[in-house]
Amino acid sequence: MRWVLDHAGELLDTTWEHLGLALIPVLVGLLISVPLGWAAHRWRAARAILVPASSLLYTIPSLALFVLMPLLLGTRILDPLNVQAALTIYTVALLVRSVADALDAVPGETIAAATAVGYGAVRRFFAVELPLSLPVLIAGVRVAAVSNISLVSVGAIIGVGGLGFYLTHGSQLSPPNYAEIVAGLVLIVVLALVVDALLVVLGRWLTPWTRARGRVVTA
Amino acid sequence: MIEFQAVTKTYPDGTVAVDRLDLTIEDGRITVFVGPSGCGKTTSLRMINRMIDPTSGTIRLNGADVRESAPAKLRRGIGYVIQHAGLFPHRTVIDNVATVPVLNGTGRRAARARAAELLELVGLPAGLAKRYPAQLSGGQQQRVGVARALAADPPVLLMDEPFSAVDPIVRDDLQQQLLRLQSELGKTIVFVTHDIDEAIKLGDKVAVLRVGGTLAQYDTPSALLAKPADEFVASFVGRDRGYRALGFLAAKGIELAPVAKVPLGTEVGAARGRLEGGWAIVVDERDRPAGWVSADLLSSLDSSAKLEATDLISGGSLYQVDAEAGGTAGTLRNALDAALSSPSQLGIAVDADGAVVGGISADTVLAALGAARESGEVPV
């Protein structure tokens, strides 16, 4: 506990850093996944390629991907971009399928109605299909966010790991500093829980109609 | 005016949905496409607003080929009502109705004001405006669907089996409302249904289509009932068509018979002396029918008792003289049904306020039908 109090400021800074490493890739990955997922939803052939390919990407061990990034991107070995780029790939791997499934779940008759009242394809996508896909999509984003928060710590091995630093550093000491390891671990778990909870709240705020279901008014 | 000129739709798998359809849809009228599934009625409807493009042939809207217009723009000028209403589940009722004005560039505020007017027009309470579609009953959703289609005040309204997913009582209600709206708005409505009764009730003109997408008959409902073009139309029009045809003949000019009336609260003894043919109709303080009394019934009651509503024999359907348009009120069918359903065999005729104005017998109705036949009013 002493150790935690002595390092409170540093722990807080690292938590913010961890958050940035985990969530910026979620955002970027989401922006990439929407057009890819749309393509997978729209064309059978695109789906046949994109969905298995993204599943395959997710099976690459994270450490390998982190180490490969400087080679692929030409970045320095300690650049946080290495971790963020790798996590963006994992996010895309998770979300392409989510986006495709989410768009599949939009009722065909609602889309037909939107077309019939005079929506062009682009406007219809943003005004009708995307909002209606949010419930399924947000579930996917929650998985990606929590997964990224956990994966960031692996980056500690290549020197960019946010709170993961305390796990590797604490265990390399002799004797191991259990206070440090536990503090890092607890913060990662708490961070994941808080972010997940915030995404649930955000999702509820964005989809008020889903809670209106079932309360039929006979006025 | 909407014109189908040799319109054919063939799908890639070879199915012919619509086969050389020639049809002219009049302005300001309700035209119904009816037929069994696979007759191409919905395909035909959807070719008007280019949800589907024909394989060959031309559809003209007010003289112009619809394929010369950009689809999205064309569709904003044509109201569309779909089965299950097709409302946007993520938008409130008011925003659903405001959709097309917003698409046309009307400000959100003005569009909502217009939407609120339309909700009132279709008979929905303003309190529902902020609700989501899932919070409404099927009938309410369908009304919102109609309001949305009317929001940009399009001259043409396409309705694709709009009432087929609601229960019969609600459907009847929605049909009456559509006829009422149409008498105010005078839109050019194209209505698709598989229900011949709905077609006959709503249509000014009915196009009966057969499987394979050919036109079997295009006529007024009464002509369809009286003179089906062939065996297919006759069987599709179905049972009781002679009786149903009476629903298109106004009963104007039928002479009403006098009917014995006794007010509620009359002493039983006094009522006994006022029966005609063993029956009398009992009326309330505003002359509206409450039920019948017969000689048998009165003999079972104490002479000094007063007639109460609970003593009476319930009456049949009422024949409405000078009824407003819509439904079968005021027709020979209405008159005949009143006579047949009355316990005294004398139907009760009422005025617009529901007050008893006379009686009508089945013989009178049949005589009137005979006269109408002779004068050529009934196509034979």
# chains A, B, ... in the order shown; residues from 1 in each chain; ligands from 1
>>> interface_residues(of="chain B", to="chain A", cutoff="7 Å", atoms="only C-alpha atoms", output="PyMOL selection string")
chain B and resi 51+72-73+75-76+79-80+86-90+100+132+134-137
>>> residues_around(residues="stretch 268-273 of chain B", least_positions_apart="5", cutoff="12 Å", atoms="only C-alpha atoms", output="short mmCIF file (atom, residue, chain, number, x, y, z; two decimals) with C-alpha atoms, in the first residue's frame")
data_model
loop_
_atom_site.label_atom_id
_atom_site.label_comp_id
_atom_site.auth_asym_id
_atom_site.auth_seq_id
_atom_site.Cartn_x
_atom_site.Cartn_y
_atom_site.Cartn_z
CA ALA B 260 -95.55 1.28 -34.40
CA LYS B 261 -93.51 3.27 -31.87
CA VAL B 262 -93.77 3.28 -28.10
CA PRO B 263 -91.52 5.37 -25.86
CA GLY B 278 -97.93 -7.99 -33.02
CA TRP B 279 -94.81 -5.79 -32.75
CA ALA B 280 -93.71 -2.27 -31.85
CA ILE B 281 -90.34 -0.56 -31.75
CA VAL B 282 -89.46 1.05 -28.42
CA TRP B 292 -88.64 -4.36 -29.85
CA VAL B 293 -91.66 -5.53 -27.91
CA SER B 294 -93.98 -8.28 -29.14
CA ALA B 295 -97.45 -9.32 -28.07
CA ASP B 296 -95.94 -12.44 -26.45
CA LEU B 297 -93.42 -10.42 -24.50
CA LEU B 298 -95.98 -7.89 -23.25
CA SER B 299 -98.39 -10.62 -22.10
CA SER B 300 -95.67 -11.95 -19.83
CA LEU B 301 -95.27 -8.55 -18.12
CA ASP B 302 -97.42 -6.91 -15.45
CA SER B 303 -99.93 -4.49 -17.09
CA SER B 304 -99.13 -1.63 -14.74
CA ALA B 305 -95.33 -1.97 -15.09
CA LYS B 306 -93.42 0.54 -17.19
CA LEU B 307 -91.33 -0.59 -20.15
CA GLU B 308 -87.64 -0.66 -19.36
CA ASP B 311 -87.32 -5.89 -21.02
CA LEU B 312 -86.82 -5.49 -24.76
#
>>> closest_residue(among="A:Ala22, A:Ile157, A:Ile181, A:Val92", to="A:Val4", atoms="only C-alpha atoms")
A:Ile181
>>> atom_distance(atom1="atom CA of A:Leu130", atom2="atom CA of A:Val28")
17.1 Å
>>> residues_around(residues="A:Val99", least_positions_apart="4", cutoff="6 Å", atoms="only C-alpha atoms", output="PyMOL selection string")
chain A and resi 37+95+137
>>> write_last_selection(atoms="N, CA and C atoms", output="short mmCIF file (atom, residue, chain, number, x, y, z; two decimals), in the first residue's frame")
data_model
loop_
_atom_site.label_atom_id
_atom_site.label_comp_id
_atom_site.auth_asym_id
_atom_site.auth_seq_id
_atom_site.Cartn_x
_atom_site.Cartn_y
_atom_site.Cartn_z
N GLY A 37 -16.85 -3.32 -43.20
CA GLY A 37 -18.02 -4.09 -42.76
C GLY A 37 -19.20 -3.88 -43.69
N LEU A 95 -14.02 -5.87 -35.45
CA LEU A 95 -15.19 -5.06 -35.79
C LEU A 95 -15.74 -5.26 -37.20
N LEU A 137 -23.51 -3.02 -33.05
CA LEU A 137 -22.18 -2.46 -33.24
C LEU A 137 -21.52 -2.12 -31.90
#
>>> select_by_dssp(residues="stretch 76-123 of chain A", states="helix (DSSP H, G or I)", output="ChimeraX atom specification")
/A:80-104,108-116,121-123
>>> residues_around(residues="stretch 183-190 of chain B", least_positions_apart="3", cutoff="9 Å", atoms="only C-alpha atoms", output="ChimeraX atom specification")
/B:1-2,25-33,45,154-160,178-180,325
>>> write_last_selection(atoms="C-alpha atoms", output="short mmCIF file (atom, residue, chain, number, x, y, z; two decimals), in the first residue's frame")
data_model
loop_
_atom_site.label_atom_id
_atom_site.label_comp_id
_atom_site.auth_asym_id
_atom_site.auth_seq_id
_atom_site.Cartn_x
_atom_site.Cartn_y
_atom_site.Cartn_z
CA MET B 1 -52.71 10.43 -64.44
CA ILE B 2 -50.54 7.32 -64.35
CA ILE B 25 -55.04 5.31 -63.50
CA GLU B 26 -57.29 8.31 -63.10
CA ASP B 27 -56.38 11.34 -61.05
CA GLY B 28 -58.05 11.93 -57.71
CA ARG B 29 -59.41 8.38 -57.47
CA ILE B 30 -58.55 5.22 -55.58
CA THR B 31 -57.40 2.50 -57.94
CA VAL B 32 -56.91 -0.92 -56.40
CA PHE B 33 -54.65 -3.66 -57.76
CA LEU B 45 -46.99 -0.64 -57.82
CA PRO B 154 -47.73 14.49 -52.76
CA PRO B 155 -50.46 14.26 -55.42
CA VAL B 156 -49.94 10.50 -55.69
CA LEU B 157 -50.08 7.95 -52.88
CA LEU B 158 -48.96 4.34 -53.27
CA MET B 159 -50.25 1.91 -50.65
CA ASP B 160 -48.79 -1.59 -50.56
CA LEU B 178 -58.82 6.39 -45.66
CA LEU B 179 -62.15 7.00 -47.43
CA ARG B 180 -62.79 10.02 -45.23
CA ALA B 325 -70.50 8.32 -48.55
#
>>> atom_distance(atom1="atom CA of B:Leu246", atom2="atom CA of B:Thr364")
13.8 Å
>>> atom_distance(atom1="atom CA of A:Ala100", atom2="atom CA of A:Trp38")
5.9 Å
>>> closest_residue(among="A:Ala93, A:Val154, A:Ile149, A:Leu173", to="A:Val34", atoms="only C-alpha atoms")
A:Ala93
>>> closest_residue(among="B:Pro228, B:Gly138, B:Gly330, B:Pro343", to="B:Phe163", atoms="only C-alpha atoms")
B:Gly138
>>> closest_residue(among="A:Gly140, A:Pro52, A:Gly29, A:Pro35", to="A:Thr88", atoms="only C-alpha atoms")
A:Gly29
>>> select_by_dssp(residues="stretch 118-280 of chain B", states="strand (DSSP E)", output="list of chain:residue names")
B:Val156, B:Leu157, B:Leu158, B:Met159, B:Asp160, B:Thr188, B:Ile189, B:Val190, B:Phe191, B:Val192, B:Thr193, B:Lys205, B:Val206, B:Ala207, B:Val208, B:Leu209, B:Arg210, B:Thr214, B:Leu215, B:Ala216, B:Gln217, B:Tyr218, B:Asp219, B:Lys261, B:Val262, B:Pro263, B:Trp279, B:Ala280
>>> closest_residue(among="A:Ser153, A:Thr14, A:Ser171, A:Thr91", to="A:Ser55", atoms="only C-alpha atoms")
A:Thr91
>>> residues_around(residues="B:Leu224", least_positions_apart="3", cutoff="10 Å", atoms="only C-alpha atoms", output="list in words")
Ile200, Lys205, Val206, Ala207, Val208, Gln217, Tyr218, Asp219, Thr220, Pro221, Lys227, Pro228, Ala229, Val233, Ala234, Val237, Arg241 and Ala245 of chain B
